[in-house]
$ cat work-v4.cif   # mmCIF, C-alpha atoms and all ligand atoms
data_entry
loop_
_atom_site.label_atom_id
_atom_site.label_comp_id
_atom_site.auth_asym_id
_atom_site.auth_seq_id
_atom_site.Cartn_x
_atom_site.Cartn_y
_atom_site.Cartn_z
CA MET X 18 0.00 0.00 0.00
CA LEU X 19 1.11 3.52 -0.84
CA ILE X 20 0.05 6.87 0.61
CA GLU X 21 -0.27 10.12 -1.31
CA THR X 22 0.63 12.68 1.35
CA HIS X 23 0.01 15.86 -0.63
CA SER X 24 -2.73 16.38 -3.21
CA HIS X 25 -4.81 19.34 -4.33
CA LEU X 26 -7.71 17.32 -5.73
CA ASN X 27 -10.10 20.20 -5.18
CA ASP X 28 -8.29 22.08 -7.92
CA LYS X 29 -10.56 22.79 -10.88
CA ALA X 30 -8.27 20.60 -12.99
CA PHE X 31 -10.15 17.65 -11.45
CA ASN X 32 -13.69 18.97 -11.83
CA ALA X 33 -14.55 16.50 -14.58
CA ASP X 34 -13.18 13.30 -13.05
CA ARG X 35 -12.27 13.72 -9.36
CA LYS X 36 -13.96 10.49 -8.27
CA GLU X 37 -12.41 8.46 -11.11
CA VAL X 38 -8.94 9.84 -10.27
CA ILE X 39 -9.24 8.68 -6.66
CA GLU X 40 -10.56 5.25 -7.69
CA ARG X 41 -7.84 4.80 -10.33
CA ALA X 42 -5.12 5.60 -7.80
CA ALA X 43 -6.66 3.13 -5.34
CA GLY X 44 -6.55 0.48 -8.07
CA LEU X 45 -2.79 1.06 -8.27
CA GLY X 46 -2.34 0.64 -4.52
CA VAL X 47 -2.55 4.32 -3.48
CA LEU X 48 -5.14 3.64 -0.82
CA LYS X 49 -4.86 6.78 1.30
CA ILE X 50 -4.70 10.44 0.30
CA VAL X 51 -3.96 13.58 2.30
CA GLU X 52 -5.80 16.44 0.60
CA ILE X 53 -4.24 19.84 1.25
CA ALA X 54 -6.92 22.49 1.72
CA CYS X 55 -4.65 25.51 2.05
CA ALA X 56 -6.94 28.32 0.90
CA PRO X 57 -9.84 29.55 3.04
CA GLY X 58 -12.12 28.91 0.05
CA GLU X 59 -11.00 25.24 -0.06
CA TRP X 60 -11.58 24.26 3.56
CA ALA X 61 -15.23 23.26 3.16
CA GLN X 62 -14.46 21.50 -0.14
CA GLY X 63 -11.74 19.49 1.59
CA GLU X 64 -14.17 18.38 4.26
CA GLU X 65 -16.67 17.36 1.56
CA LEU X 66 -14.07 15.33 -0.32
CA ALA X 67 -13.11 13.49 2.89
CA ALA X 68 -16.82 12.82 3.58
CA ALA X 69 -17.23 11.40 0.05
CA PHE X 70 -14.25 9.02 0.53
CA PRO X 71 -14.27 8.27 4.25
CA ASP X 72 -11.95 5.27 4.00
CA LYS X 73 -9.44 7.03 1.72
CA VAL X 74 -9.21 10.82 2.10
CA ARG X 75 -8.29 13.07 5.02
CA CYS X 76 -7.32 16.74 5.06
CA ALA X 77 -4.75 19.26 6.07
CA PHE X 78 -6.26 22.69 6.68
CA GLY X 79 -4.27 25.90 6.66
CA ALA X 80 -3.45 29.18 4.97
CA HIS X 81 -0.68 29.08 2.37
CA PRO X 82 1.68 32.10 2.34
CA GLU X 83 -0.25 33.51 -0.62
CA TYR X 84 -2.96 34.47 1.94
CA THR X 85 -0.53 36.62 3.92
CA LYS X 86 -2.52 39.77 3.26
CA THR X 87 -6.02 38.35 3.52
CA LEU X 88 -6.26 36.08 6.58
CA THR X 89 -8.67 37.96 8.85
CA PRO X 90 -9.46 37.10 12.50
CA GLU X 91 -12.77 35.64 11.28
CA LEU X 92 -10.93 33.30 8.91
CA MET X 93 -8.49 32.33 11.69
CA SER X 94 -11.42 31.29 13.85
CA ALA X 95 -12.90 29.33 10.92
CA LEU X 96 -9.54 27.55 10.52
CA ASP X 97 -9.65 26.67 14.21
CA SER X 98 -13.04 25.00 13.71
CA PHE X 99 -11.84 23.04 10.65
CA MET X 100 -8.83 21.78 12.63
CA ALA X 101 -11.31 20.35 15.16
CA LYS X 102 -13.14 18.26 12.50
CA PRO X 103 -12.69 14.48 12.48
CA CYS X 104 -11.32 14.62 8.92
CA ALA X 105 -8.46 16.98 9.94
CA LEU X 106 -5.08 15.26 10.01
CA ALA X 107 -2.70 18.22 9.96
CA LEU X 108 -2.14 21.95 9.66
CA GLY X 109 -1.03 22.92 6.19
CA GLU X 110 0.33 23.76 3.94
CA VAL X 111 1.87 26.72 5.73
CA GLY X 112 5.27 28.31 5.35
CA LEU X 113 7.34 30.77 3.37
CA ASP X 114 7.50 31.43 -0.35
CA TYR X 115 10.08 33.93 -1.58
CA TRP X 116 9.80 32.96 -5.25
CA TRP X 117 6.48 34.70 -5.85
CA ASP X 118 5.58 38.06 -4.36
CA MET X 119 3.46 36.84 -1.45
CA GLY X 120 4.27 39.52 1.10
CA THR X 121 7.39 40.49 2.98
CA ARG X 122 9.41 38.04 5.04
CA GLU X 123 7.95 39.59 8.19
CA GLU X 124 4.36 39.31 6.91
CA GLN X 125 4.85 35.68 5.89
CA LEU X 126 6.49 34.78 9.20
CA ALA X 127 3.61 36.44 11.04
CA LEU X 128 1.06 34.32 9.14
CA LEU X 129 3.08 31.16 9.83
CA GLU X 130 3.48 31.96 13.52
CA ALA X 131 -0.22 32.78 13.87
CA GLN X 132 -1.12 29.27 12.67
CA LEU X 133 1.54 27.11 14.34
CA PRO X 134 -0.12 27.06 17.80
CA LEU X 135 -3.00 25.09 16.22
CA CYS X 136 -0.69 22.04 16.09
CA ALA X 137 -0.21 21.92 19.85
CA LYS X 138 -3.87 22.83 20.45
CA PHE X 139 -5.17 19.95 18.30
CA SER X 140 -2.17 17.56 18.62
CA LYS X 141 -1.65 17.54 14.87
CA PRO X 142 1.50 17.82 12.75
CA ALA X 143 2.16 20.45 10.09
CA VAL X 144 2.78 20.31 6.35
CA PHE X 145 5.35 22.96 5.46
CA HIS X 146 5.91 24.79 2.20
CA ALA X 147 9.25 26.51 1.59
CA ARG X 148 10.46 27.98 -1.66
CA ASN X 149 13.61 30.05 -1.90
CA GLY X 150 13.68 33.28 -3.90
CA LYS X 151 15.77 34.16 -6.89
CA THR X 152 18.75 35.45 -4.90
CA PRO X 153 20.72 33.55 -2.23
CA LEU X 154 19.59 36.09 0.37
CA GLN X 155 15.96 35.04 -0.09
CA ASN X 156 16.43 31.79 1.81
CA ALA X 157 13.00 30.48 2.79
CA TYR X 158 14.42 27.21 4.17
CA ALA X 159 16.81 29.02 6.51
CA ASP X 160 14.05 31.30 7.80
CA LEU X 161 11.51 28.48 8.19
CA LEU X 162 13.94 26.19 10.02
CA GLU X 163 15.01 29.06 12.28
CA ALA X 164 11.35 29.87 13.08
CA LEU X 165 10.64 26.20 13.87
CA LYS X 166 13.31 26.10 16.57
CA LYS X 167 10.67 27.87 18.71
CA TRP X 168 7.80 25.56 17.71
CA SER X 169 6.08 24.13 20.76
CA TYR X 170 4.29 21.08 19.27
CA ARG X 171 5.64 17.91 20.92
CA PRO X 172 3.89 14.81 19.55
CA ALA X 173 4.04 11.34 21.06
CA GLY X 174 5.64 9.96 17.87
CA LYS X 175 8.97 10.95 16.40
CA PHE X 176 7.79 13.25 13.60
CA ARG X 177 6.31 16.76 13.95
CA GLY X 178 5.78 17.66 10.34
CA VAL X 179 6.91 17.35 6.76
CA LEU X 180 8.91 19.64 4.49
CA HIS X 181 6.66 19.05 1.51
CA CYS X 182 8.11 19.08 -2.03
CA PHE X 183 11.56 19.26 -0.50
CA SER X 184 13.88 21.36 -2.66
CA GLY X 185 16.50 22.56 -0.19
CA SER X 186 20.13 21.63 0.34
CA TRP X 187 21.45 18.66 2.31
CA ALA X 188 22.17 21.09 5.17
CA ASP X 189 18.50 22.19 5.13
CA ALA X 190 17.40 18.54 5.09
CA ARG X 191 19.72 17.67 7.99
CA ALA X 192 18.39 20.63 10.02
CA GLY X 193 14.82 19.56 9.22
CA LEU X 194 15.43 15.97 10.30
CA ASP X 195 16.91 17.28 13.55
CA LEU X 196 13.65 19.19 14.13
CA GLY X 197 11.60 16.00 13.69
CA LEU X 198 10.53 16.74 10.12
CA LEU X 199 10.20 14.32 7.22
CA LEU X 200 11.03 15.18 3.61
CA GLY X 201 8.19 15.04 1.07
CA VAL X 202 9.42 13.47 -2.18
CA ASN X 203 7.44 14.00 -5.38
CA GLY X 204 7.82 14.16 -9.16
CA THR X 205 10.66 16.68 -8.90
CA PHE X 206 12.82 13.76 -7.69
CA THR X 207 12.59 12.34 -11.24
CA TYR X 208 13.64 15.53 -13.10
CA LYS X 209 16.89 15.22 -14.99
CA LYS X 210 18.48 18.32 -13.45
CA ASN X 211 17.76 17.25 -9.86
CA GLU X 212 20.78 15.04 -9.15
CA GLY X 213 21.42 17.12 -6.01
CA LEU X 214 17.94 16.36 -4.70
CA ARG X 215 18.37 12.63 -5.40
CA GLU X 216 21.67 12.69 -3.49
CA THR X 217 19.96 14.47 -0.56
CA VAL X 218 17.16 11.90 -0.49
CA ARG X 219 19.73 9.07 -0.62
CA LYS X 220 21.50 10.57 2.40
CA ALA X 221 18.24 11.12 4.29
CA GLY X 222 17.22 7.52 3.61
CA LEU X 223 13.89 5.73 3.60
CA ASP X 224 13.42 6.34 7.33
CA ASN X 225 12.93 10.04 6.69
CA ILE X 226 10.75 10.44 3.61
CA VAL X 227 7.12 10.29 2.56
CA LEU X 228 5.73 10.26 -0.99
CA GLU X 229 3.51 12.92 -2.52
CA THR X 230 2.51 14.36 -5.89
CA ASP X 231 1.47 18.00 -5.16
CA CYS X 232 -1.01 17.40 -7.98
CA PRO X 233 -2.21 18.87 -10.28
CA TYR X 234 1.31 20.38 -10.47
CA LEU X 235 4.77 18.79 -10.82
CA PRO X 236 4.14 15.51 -12.67
CA PRO X 237 7.12 13.13 -12.94
CA GLN X 238 9.53 13.42 -15.86
CA SER X 239 7.53 10.92 -17.94
CA ALA X 240 4.48 13.20 -17.87
CA ARG X 241 6.03 16.70 -17.94
CA GLY X 242 3.48 19.23 -19.13
CA LYS X 243 0.52 17.00 -18.26
CA ARG X 244 -1.83 17.03 -15.29
CA ASN X 245 -0.40 15.26 -12.25
CA ASP X 246 -2.54 13.01 -10.02
CA PRO X 247 -2.09 10.45 -7.20
CA SER X 248 -1.80 7.52 -9.63
CA PHE X 249 1.80 8.69 -10.27
CA ILE X 250 2.82 7.75 -6.72
CA PRO X 251 3.88 4.19 -7.76
CA GLU X 252 6.15 5.67 -10.46
CA ILE X 253 7.75 8.06 -7.95
CA ALA X 254 8.16 5.16 -5.50
CA ALA X 255 9.87 3.07 -8.19
CA MET X 256 12.31 5.89 -8.98
CA VAL X 257 13.13 6.24 -5.28
CA ALA X 258 13.71 2.48 -5.07
CA THR X 259 16.06 2.59 -8.06
CA HIS X 260 18.09 5.51 -6.73
CA LEU X 261 18.30 4.16 -3.20
CA GLY X 262 19.16 0.67 -4.40
CA THR X 263 16.25 -0.94 -2.61
CA GLY X 264 13.07 -2.76 -3.57
CA ASN X 265 9.71 -1.22 -4.46
CA SER X 266 8.03 -3.01 -1.56
CA GLN X 267 10.51 -1.59 0.97
CA VAL X 268 9.81 1.91 -0.32
CA ALA X 269 6.05 1.33 -0.08
CA ASP X 270 6.22 -0.22 3.38
CA LYS X 271 8.57 2.36 4.89
CA THR X 272 6.99 5.49 3.41
CA THR X 273 3.54 4.25 4.45
CA ALA X 274 4.77 3.57 7.99
CA ASN X 275 6.36 7.05 8.09
CA ALA X 276 3.13 8.70 6.91
CA PHE X 277 1.11 6.90 9.58
CA GLU X 278 3.70 7.80 12.21
CA LEU X 279 3.37 11.45 11.18
CA PHE X 280 -0.38 11.77 10.61
CA GLY X 281 -1.66 8.88 12.71
CA GLN X 282 -3.43 5.84 11.25
CA PHE X 283 -6.38 6.62 9.00
ZN ZN X 301 0.77 21.82 -2.25
#
$ encode --input "work-v4.cif" --output "structure tokens"
Amino acid sequence: MLIETHSHLNDKAFNADRKEVIERAAGLGVLKIVEIACAPGEWAQGEELAAAFPDKVRCAFGAHPEYTKTLTPELMSALDSFMAKPCALALGEVGLDYWWDMGTREEQLALLEAQLPLCAKFSKPAVFHARNGKTPLQNAYADLLEALKKWSYRPAGKFRGVLHCFSGSWADARAGLDLGLLLGVNGTFTYKKNEGLRETVRKAGLDNIVLETDCPYLPPQSARGKRNDPSFIPEIAAMVATHLGTGNSQVADKTTANAFELFGQF
């Protein structure tokens, strides 16, 4: 069994065939999906998707850094109530994005720090987004990892969150692992130019990764330019197995165990 730990199935790209996409992935062994509802307008949709697939889909709820300028106190209290729902597995995705113009570093950190206490309040991990800017000074990973040194969530298990779509350096990965974070590995692992990422994932090892697609974006190399969806998880798992010199079943077993350790069984 495989777990898709990061989908955006409520994206309009899936309006015509959302149900079929989930069933097709299940047919390929992707039996559990974490849907990331990271826009206030997606929270209710996420809950509905989980209700439609109660044995397969759960949600992360949060405000992505693109909502830096629009998250009102009313929306914060709505987020609090979504985090209390039975379908809520995690806070997310939350974090820092210096690639696009999503607000200043201070504004983005303020949005992140306003949401982080929900993890301790609801005993749930966080799904983190970090994307560096175009200059070395715009280091989202450094700022996120520094901010998380003050994070008060202390779960019973060994993991506190995941650095989704990991794209940082080995030093960033090492710092993340030391903070109890997993690395989210997706289609970018298969891109020709990403030898550095493959080396980082090799060093981190199977004990420290989970699989994801971030669909509808970032399909694996074989489907560049097409819509991504959770049925690509087996292909990503196979690439990880090849590069780590291990078997497909070990990758499936370990990444599934890691996901359950992080999110709890569902
Ligand atoms: Zn995402």
$ closest_atom_pairs --input "work-v4.cif" --of "chain X" --to "ligand ZN 301 (chain X)" --cutoff "7 Å" --atoms "only C-alpha atoms and all ligand atoms" --output "Markdown table"
| residue | atom | partner | partner_atom | distance |
| --- | --- | --- | --- | --- |
| X:His23 | CA | X:ZN301 | ZN | 6.2 |
| X:Ser24 | CA | X:ZN301 | ZN | 6.5 |
| X:His25 | CA | X:ZN301 | ZN | 6.5 |
| X:Ile53 | CA | X:ZN301 | ZN | 6.4 |
| X:Glu110 | CA | X:ZN301 | ZN | 6.5 |
| X:Asp231 | CA | X:ZN301 | ZN | 4.9 |
$ closest_residue --input "work-v4.cif" --among "X:Gln155, X:Ser169, X:Ser186, X:Asn149" --to "Leu135 in chain X" --atoms "all atoms listed in the file"
X:Ser169
$ closest_residue --input "work-v4.cif" --among "X:Pro247, X:Arg219, X:Gly264, X:Ile253" --to "Val202 in chain X" --atoms "all atoms listed in the file"
X:Ile253
$ closest_residue --input "work-v4.cif" --among "X:Ala147, X:Ala67, X:Ala30, X:Leu200" --to "Phe283 in chain X" --atoms "all atoms listed in the file"
X:Ala67
$ residues_around --input "work-v4.cif" --residues "Glu278 in chain X" --least-positions-apart "2" --cutoff "10 Å" --atoms "all atoms listed in the file" --output "MDAnalysis selection string"
chainID X and resid 173:177 272:276 280:282
$ closest_residue --input "work-v4.cif" --among "X:Ala77, X:Met256, X:Pro251, X:Lys166" --to "Phe206 in chain X" --atoms "all atoms listed in the file"
X:Met256
$ closest_residue --input "work-v4.cif" --among "X:Ala143, X:Val47, X:Ala61, X:Val38" --to "Gly109 in chain X" --atoms "all atoms listed in the file"
X:Ala143
$ atom_distance --input "work-v4.cif" --atom1 "CA of Ile226 in chain X" --atom2 "CA of Val179 in chain X"
8.5 Å
$ residues_near_point --input "work-v4.cif" --point "(17.9, 15.2, -4.3)" --cutoff "9 Å" --atoms "all atoms listed in the file" --output "PyMOL selection string"
chain X and resi 183-187+202+205-206+211-220
$ closest_residue --input "work-v4.cif" --among "X:Met119, X:Ala68, X:Ala221, X:Ala56" --to "Ala95 in chain X" --atoms "only C-alpha atoms"
X:Ala56
$ residues_near_point --input "work-v4.cif" --point "(20.5, 21.5, 10.1)" --cutoff "12 Å" --atoms "all atoms listed in the file" --output "number ranges by chain"
X: 158-163, 165-166, 185-198
$ residues_around --input "work-v4.cif" --residues "Ala101 in chain X" --least-positions-apart "6" --cutoff "12 Å" --atoms "all atoms listed in the file" --output "list in words"
Glu64, Cys76, Ala77, Phe78, Ser94, Ala95, Ala107, Leu108, Leu135, Cys136, Lys138, Phe139, Ser140 and Lys141 of chain X
$ atom_distance --input "work-v4.cif" --atom1 "CA of Thr89 in chain X" --atom2 "CA of Trp117 in chain X"
21.4 Å
$ residues_around --input "work-v4.cif" --residues "Tyr234 in chain X" --least-positions-apart "6" --cutoff "12 Å" --atoms "all atoms listed in the file" --output "NGL selection string"
:X and (23-26 or 28 or 30-31 or 182 or 203-205 or 240-247 or 249)
$ atom_distance --input "work-v4.cif" --atom1 "CA of Met93 in chain X" --atom2 "CA of Val51 in chain X"
21.5 Å
$ axis_aligned_box --input "work-v4.cif" --around "range 75-81 of chain X" --padding-each-side "8 Å" --output "AutoDock Vina command-line options"
--center_x -4.5 --center_y 21.1 --center_z 4.5 --size_x 23.6 --size_y 32.1 --size_z 20.3
$ residues_around --input "work-v4.cif" --residues "Leu261 in chain X" --least-positions-apart "2" --cutoff "8 Å" --atoms "all atoms listed in the file" --output "list in words"
Arg219, Gly222, Val257, Ala258, Thr259 and Thr263 of chain X
$ decode --input "work-v4.cif" --residues "range 110-135 of chain X" --atoms "C-alpha atoms" --output "mmCIF file, in the first residue's frame"
data_model
loop_
_atom_site.group_PDB
_atom_site.id
_atom_site.type_symbol
_atom_site.label_atom_id
_atom_site.label_comp_id
_atom_site.auth_asym_id
_atom_site.auth_seq_id
_atom_site.Cartn_x
_atom_site.Cartn_y
_atom_site.Cartn_z
ATOM 1 C CA GLU X 110 0.329 23.763 3.939
ATOM 2 C CA VAL X 111 1.865 26.716 5.731
ATOM 3 C CA GLY X 112 5.274 28.305 5.350
ATOM 4 C CA LEU X 113 7.343 30.769 3.374
ATOM 5 C CA ASP X 114 7.495 31.434 -0.355
ATOM 6 C CA TYR X 115 10.076 33.926 -1.584
ATOM 7 C CA TRP X 116 9.800 32.964 -5.252
ATOM 8 C CA TRP X 117 6.484 34.700 -5.846
ATOM 9 C CA ASP X 118 5.575 38.057 -4.362
ATOM 10 C CA MET X 119 3.459 36.844 -1.451
ATOM 11 C CA GLY X 120 4.270 39.516 1.102
ATOM 12 C CA THR X 121 7.389 40.492 2.978
ATOM 13 C CA ARG X 122 9.410 38.041 5.037
ATOM 14 C CA GLU X 123 7.951 39.594 8.189
ATOM 15 C CA GLU X 124 4.364 39.312 6.914
ATOM 16 C CA GLN X 125 4.852 35.684 5.887
ATOM 17 C CA LEU X 126 6.488 34.783 9.197
ATOM 18 C CA ALA X 127 3.611 36.441 11.044
ATOM 19 C CA LEU X 128 1.060 34.318 9.137
ATOM 20 C CA LEU X 129 3.076 31.157 9.835
ATOM 21 C CA GLU X 130 3.480 31.964 13.516
ATOM 22 C CA ALA X 131 -0.224 32.778 13.874
ATOM 23 C CA GLN X 132 -1.123 29.267 12.673
ATOM 24 C CA LEU X 133 1.544 27.108 14.336
ATOM 25 C CA PRO X 134 -0.116 27.065 17.796
ATOM 26 C CA LEU X 135 -3.005 25.089 16.221
#
